[in-house]
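**Q** Next up, data08.csv (CSV, C-alpha atoms and all ligand atoms).
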```csv
chain,number,residue,atom,x,y,z
A,1,MET,CA,261.5,-18.9,62.4
A,2,THR,CA,258.9,-17.2,64.5
A,3,ILE,CA,259.4,-16.8,68.2
A,4,THR,CA,256.5,-17.3,70.5
A,5,ALA,CA,255.6,-15.0,73.3
A,6,VAL,CA,256.4,-17.5,76.1
A,7,ALA,CA,260.1,-17.5,75.1
A,8,ASP,CA,261.3,-14.9,77.5
A,9,VAL,CA,259.9,-12.5,80.0
A,10,ALA,CA,260.5,-9.3,77.9
A,11,LEU,CA,258.6,-10.7,74.9
A,12,ALA,CA,255.7,-12.0,77.1
A,13,ALA,CA,255.4,-8.6,78.8
A,14,PHE,CA,255.5,-6.8,75.4
A,15,THR,CA,252.8,-9.1,74.0
A,16,ALA,CA,250.6,-8.6,77.0
A,17,ALA,CA,250.9,-4.8,76.8
A,18,GLU,CA,251.1,-4.1,73.0
A,19,GLY,CA,249.6,-7.3,71.4
A,20,PRO,CA,251.3,-10.0,69.4
A,21,THR,CA,254.0,-9.1,66.9
A,22,GLU,CA,256.1,-11.0,64.4
A,23,VAL,CA,259.5,-11.8,65.9
A,24,ALA,CA,262.0,-13.8,64.0
A,25,THR,CA,265.6,-15.0,64.0
A,26,PRO,CA,267.6,-13.2,61.3
A,27,ASP,CA,270.0,-14.9,58.8
A,28,ASP,CA,273.0,-12.9,60.0
A,29,ARG,CA,273.8,-11.4,63.4
A,30,GLU,CA,274.4,-7.8,62.1
A,31,THR,CA,270.7,-7.4,61.1
A,32,GLY,CA,269.5,-8.7,64.5
A,33,CYS,CA,268.6,-6.7,67.6
A,34,ALA,CA,271.7,-5.8,69.7
A,35,ARG,CA,269.9,-6.9,72.9
A,36,CYS,CA,268.0,-10.1,71.9
A,37,GLY,CA,269.4,-11.0,68.5
A,38,ARG,CA,266.0,-11.2,66.9
A,39,VAL,CA,264.2,-9.0,64.2
A,40,THR,CA,260.8,-7.3,64.1
A,41,ALA,CA,259.2,-5.4,61.2
A,42,VAL,CA,260.4,-2.1,62.7
A,43,MET,CA,264.1,-1.8,63.9
A,44,ILE,CA,265.5,1.4,65.5
A,45,PRO,CA,269.2,2.4,65.8
A,46,VAL,CA,270.6,1.8,69.3
A,47,GLY,CA,271.7,5.4,69.7
A,48,ARG,CA,268.1,6.7,69.4
A,49,VAL,CA,266.9,4.5,72.3
A,50,ILE,CA,269.5,4.5,75.0
A,51,SER,CA,271.5,7.4,76.4
A,52,ARG,CA,275.2,7.8,76.5
A,53,ARG,CA,275.1,7.0,80.2
A,54,PHE,CA,273.5,3.7,79.7
A,55,THR,CA,275.2,0.8,81.5
A,56,GLY,CA,273.0,-2.2,81.1
A,57,PHE,CA,275.0,-3.9,78.3
A,58,GLU,CA,275.5,-7.2,80.3
A,59,SER,CA,272.1,-8.4,79.1
A,60,TRP,CA,272.9,-7.7,75.4
A,61,THR,CA,273.5,-10.9,73.5
A,62,ASN,CA,274.3,-9.6,70.0
A,63,LEU,CA,276.9,-6.8,70.1
A,64,ALA,CA,277.3,-7.1,66.3
A,65,GLY,CA,273.8,-5.6,66.0
A,66,ARG,CA,273.4,-1.8,65.6
A,67,GLN,CA,269.6,-1.7,66.0
A,68,LEU,CA,267.0,-2.7,68.6
A,69,CYS,CA,263.8,-4.6,67.8
A,70,GLU,CA,260.5,-3.1,68.7
A,71,VAL,CA,260.2,-5.4,71.7
A,72,CYS,CA,263.5,-4.2,73.2
A,73,VAL,CA,262.7,-0.6,72.3
A,74,TRP,CA,259.5,-0.9,74.3
A,75,VAL,CA,261.4,-2.6,77.2
A,76,TYR,CA,263.6,0.5,77.5
A,77,ARG,CA,261.1,3.2,76.7
A,78,HIS,CA,258.0,2.1,78.7
A,79,ARG,CA,258.7,4.1,81.8
A,80,PRO,CA,256.4,2.4,84.3
A,81,LEU,CA,258.6,-0.7,84.1
A,82,ARG,CA,261.4,1.3,85.8
A,83,THR,CA,259.3,2.9,88.4
A,84,GLU,CA,256.7,0.4,89.5
A,85,ALA,CA,256.8,-3.3,90.4
A,86,HIS,CA,255.2,-5.6,87.9
A,87,ILE,CA,254.1,-9.3,87.6
A,88,VAL,CA,254.5,-11.1,84.3
A,89,THR,CA,252.9,-14.5,83.5
A,90,ARG,CA,253.3,-16.6,80.3
A,91,THR,CA,250.2,-18.8,80.3
A,92,PRO,CA,248.3,-16.7,79.5
A,93,VAL,CA,250.6,-13.7,78.9
A,94,THR,CA,249.8,-10.9,81.3
A,95,LEU,CA,251.6,-7.8,82.6
A,96,THR,CA,250.2,-6.4,85.8
A,97,PRO,CA,251.5,-3.4,87.8
A,98,ALA,CA,251.9,-4.5,91.3
A,99,GLY,CA,251.3,-2.4,94.4
A,100,PRO,CA,252.1,-3.8,97.9
A,101,GLN,CA,248.9,-5.8,97.9
A,102,GLN,CA,249.6,-7.6,94.6
A,103,LEU,CA,253.2,-8.1,95.6
A,104,ARG,CA,252.1,-9.7,98.9
A,105,GLN,CA,249.8,-12.0,97.0
A,106,VAL,CA,252.4,-13.3,94.5
A,107,LEU,CA,255.1,-13.5,97.2
A,108,SER,CA,252.8,-15.4,99.7
A,109,THR,CA,254.1,-18.6,98.1
A,110,VAL,CA,257.0,-19.9,95.9
A,111,VAL,CA,257.3,-17.9,92.7
A,112,ASP,CA,256.5,-20.5,90.0
A,113,ALA,CA,258.2,-21.2,86.7
A,114,ASP,CA,255.5,-19.4,84.7
A,115,THR,CA,255.7,-16.1,86.6
A,116,ALA,CA,258.3,-13.3,86.8
A,117,VAL,CA,258.2,-10.6,89.4
A,118,LEU,CA,260.0,-7.3,88.7
A,119,VAL,CA,260.8,-5.0,91.6
A,120,PRO,CA,262.8,-1.8,90.8
A,121,LEU,CA,264.2,-1.1,94.3
A,122,ARG,CA,265.5,2.3,93.3
A,123,PRO,CA,262.7,3.5,91.1
A,124,GLY,CA,263.8,5.1,87.8
A,125,ARG,CA,267.5,4.1,88.1
A,126,LYS,CA,267.7,0.7,86.5
A,127,HIS,CA,265.9,-1.3,83.8
A,128,VAL,CA,264.8,-4.5,85.5
A,129,LEU,CA,262.9,-6.2,82.7
A,130,PRO,CA,265.9,-7.0,80.4
A,131,ASP,CA,267.4,-9.2,83.2
A,132,ALA,CA,264.1,-10.8,84.3
A,133,ARG,CA,263.7,-14.5,84.3
A,134,TRP,CA,260.8,-16.9,84.8
A,135,GLY,CA,260.4,-18.2,88.3
A,136,LYS,CA,262.5,-15.3,89.8
A,137,VAL,CA,262.0,-11.9,91.5
A,138,THR,CA,264.3,-9.5,89.6
A,139,VAL,CA,265.5,-6.4,91.4
A,140,ASP,CA,268.0,-3.8,90.2
A,141,ASP,CA,271.0,-6.0,89.8
A,142,THR,CA,270.0,-9.5,90.6
A,143,ALA,CA,267.4,-12.2,90.0
A,144,LEU,CA,266.3,-13.7,93.3
A,145,SER,CA,264.7,-17.1,94.0
A,146,TRP,CA,261.6,-16.8,96.2
A,147,THR,CA,261.3,-19.9,98.3
A,148,ALA,CA,258.6,-21.1,100.7
A,149,ALA,CA,260.8,-19.9,103.5
A,150,ASP,CA,260.8,-16.4,102.1
A,151,ALA,CA,257.0,-16.5,101.9
A,152,VAL,CA,257.0,-17.3,105.6
A,153,ARG,CA,259.4,-14.5,106.4
A,154,LEU,CA,257.1,-12.1,104.6
A,155,GLN,CA,254.3,-13.2,106.9
A,156,VAL,CA,256.6,-12.6,109.8
A,157,VAL,CA,257.4,-9.1,108.7
A,158,ARG,CA,253.7,-8.3,108.4
A,159,ARG,CA,253.1,-9.6,111.9
A,160,LEU,CA,255.9,-7.5,113.4
A,161,ARG,CA,254.9,-4.4,111.5
A,162,ALA,CA,251.4,-4.9,112.9
A,163,HIS,CA,253.0,-4.6,116.4
A,164,GLY,CA,254.4,-1.2,115.4
A,165,PHE,CA,258.0,-2.1,114.5
A,166,SER,CA,259.3,0.3,111.7
A,167,GLU,CA,261.3,-0.8,108.7
A,168,THR,CA,264.4,0.6,110.2
A,169,MET,CA,263.8,-1.3,113.5
A,170,LEU,CA,263.2,-4.5,111.6
A,171,ARG,CA,266.7,-4.3,110.2
A,172,ASP,CA,268.2,-4.5,113.8
A,173,ASP,CA,269.3,-7.7,115.3
A,174,SER,CA,266.8,-7.5,118.2
A,175,PRO,CA,263.4,-5.9,118.8
A,176,ALA,CA,263.5,-2.3,119.9
A,177,TYR,CA,262.3,-2.0,123.5
A,178,SER,CA,260.3,1.1,122.8
A,179,VAL,CA,257.9,-1.0,120.8
A,180,LEU,CA,258.3,-4.3,122.7
A,181,SER,CA,257.3,-2.6,125.9
A,182,ARG,CA,253.8,-1.9,124.4
A,183,VAL,CA,253.3,-5.5,123.4
A,184,VAL,CA,251.5,-7.6,125.9
A,185,ALA,CA,254.0,-9.9,127.7
A,186,ASP,CA,252.5,-13.2,126.7
A,187,GLN,CA,253.2,-12.3,123.0
A,188,TRP,CA,256.9,-11.6,123.6
A,189,PRO,CA,258.0,-15.2,122.9
A,190,GLN,CA,256.2,-15.0,119.5
A,191,VAL,CA,257.9,-11.7,118.8
A,192,PHE,CA,261.4,-13.1,119.6
A,193,ASP,CA,260.6,-16.2,117.6
A,194,ASP,CA,259.5,-14.1,114.7
A,195,TRP,CA,262.7,-12.0,115.0
A,196,ASN,CA,264.9,-15.1,114.8
A,197,HIS,CA,263.0,-16.0,111.6
A,198,LEU,CA,264.3,-12.8,110.0
A,199,THR,CA,268.0,-13.6,110.6
A,200,PRO,CA,268.6,-15.0,107.0
A,201,TRP,CA,267.1,-11.8,105.6
A,202,HIS,CA,269.4,-9.7,107.8
A,203,HIS,CA,272.2,-11.2,105.7
A,204,ALA,CA,270.4,-11.0,102.4
A,205,GLY,CA,269.6,-7.4,101.6
A,206,PRO,CA,267.7,-7.6,98.4
A,207,TRP,CA,265.2,-10.3,99.8
A,208,PHE,CA,264.6,-8.1,102.8
A,209,ASP,CA,264.1,-5.0,100.6
A,210,VAL,CA,261.5,-6.9,98.5
A,211,GLY,CA,259.8,-8.2,101.7
A,212,LEU,CA,259.6,-4.8,103.2
A,213,ARG,CA,258.1,-3.4,100.0
A,214,ALA,CA,255.5,-6.1,99.9
A,215,SER,CA,254.6,-5.5,103.5
A,216,ARG,CA,253.7,-1.8,103.2
B,301,ZN,ZN,265.3,-7.2,70.8
```
Translate the structure of the given file into structure tokens.
Ligand SMILES: [Zn+2]
**A**
Amino acid sequence: MTITAVADVALAAFTAAEGPTEVATPDDRETGCARCGRVTAVMIPVGRVISRRFTGFESWTNLAGRQLCEVCVWVYRHRPLRTEAHIVTRTPVTLTPAGPQQLRQVLSTVVDADTAVLVPLRPGRKHVLPDARWGKVTVDDTALSWTAADAVRLQVVRRLRAHGFSETMLRDDSPAYSVLSRVVADQWPQVFDDWNHLTPWHHAGPWFDVGLRASR
């Protein structure tokens, strides 16, 4: 059986970057890829791909396997995936590095079921793509839903930053007077209203971190 590129985010990203490849389900688990369970023409022993300090086994579906397929090898070796945000789509398959501007664009609305957003919050530390799912924003340890309310909160963060509030200030429960005092008084109600809109993010660190990244 041949697997199509839309099956999962890792395969779609690989196809967009490297071109289509033959991916199939093996007859027995031991010959399958340790992470995804599938086979490709080239298979590489696990120990040649991951280091002894590797900890991401929770996304591995086939611990009977001793090798990784060429898709999963690429997932672990393609360094930009660990250092930069990326957007993956499945119809058509695309993989796009995402700076703040591209992040803002994709997060300005609900992340749809044909899109996956990858945001390594501590660049270089974690592999994000193995855990990525369609319709989610995947950060170091979690896949986040990005709702219409989150899109609005991102707008709010941008508005407050335009007033001069720093990222550190935005994490406080109330606006810093040093900045507020420079805002014309008739805009204060809007500032306080905006600040209240951020309350859910004050209790949801990863969403806030992604929002801050996209507002830079
Ligand atoms: Zn694999």
**Q** Report as CSV: every residue of chain A with an atom at most 9 Å from ligand ZN 301 (chain B), its closest pair of atoms, and their distance in Å to one decimal, counting all atoms listed in the file, with rows sorted by chain and ascending residue number.
**A**
```
residue,atom,partner,partner_atom,distance
A:Ala10,CA,B:ZN301,ZN,8.8
A:Leu11,CA,B:ZN301,ZN,8.6
A:Val23,CA,B:ZN301,ZN,8.9
A:Gly32,CA,B:ZN301,ZN,7.7
A:Cys33,CA,B:ZN301,ZN,4.6
A:Ala34,CA,B:ZN301,ZN,6.6
A:Arg35,CA,B:ZN301,ZN,5.1
A:Cys36,CA,B:ZN301,ZN,4.1
A:Gly37,CA,B:ZN301,ZN,6.0
A:Arg38,CA,B:ZN301,ZN,5.6
A:Val39,CA,B:ZN301,ZN,6.9
A:Thr40,CA,B:ZN301,ZN,8.1
A:Met43,CA,B:ZN301,ZN,8.8
A:Trp60,CA,B:ZN301,ZN,8.9
A:Gln67,CA,B:ZN301,ZN,8.5
A:Leu68,CA,B:ZN301,ZN,5.3
A:Cys69,CA,B:ZN301,ZN,4.2
A:Glu70,CA,B:ZN301,ZN,6.7
A:Val71,CA,B:ZN301,ZN,5.5
A:Cys72,CA,B:ZN301,ZN,4.2
A:Val73,CA,B:ZN301,ZN,7.3
A:Val75,CA,B:ZN301,ZN,8.8
```
**Q** Would you please work out which residue, of A:Lys136, A:His197, A:His127, A:Arg161, is nearest to A:Leu180 when using all atoms listed in the file?
**A**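 Nearest to A:Leu180: A:Arg161.
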**Q** With distances taken over all atoms listed in the file, which of A:Phe14, A:Tyr177, A:Tyr76, A:Trp134 is nearest to A:Thr96?
**A**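 Between A:Phe14, A:Tyr177, A:Tyr76, A:Trp134, the residue approaching A:Thr96 most closely is A:Phe14.
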**Q** To one decimal place in Å, what is the distance between atom CA of A:Trp207 and atom CA of A:Val179?
**A**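 Answer for the atom CA of A:Trp207 to atom CA of A:Val179 separation: 24.1 Å.
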**Q** Which value, in Å to one decimal, gives the distance between atom CA of A:Arg153 and atom CA of A:Pro175?
**A**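 Calculated distance between atom CA of A:Arg153 and atom CA of A:Pro175 is 15.6 Å.
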**Q** Which residue is closest to A:Pro100? Choose from A:Arg158, A:Ser181, A:Leu63, A:Asp112 and count only C-alpha atoms.
**A**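 Smallest separation from A:Pro100 among the options: A:Arg158.
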**Q** Using Å and a single decimal, report how far atom CA of A:Pro80 sits from atom CA of A:Ile50.
**A**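 Atom CA of A:Pro80 lies 16.2 Å from atom CA of A:Ile50.
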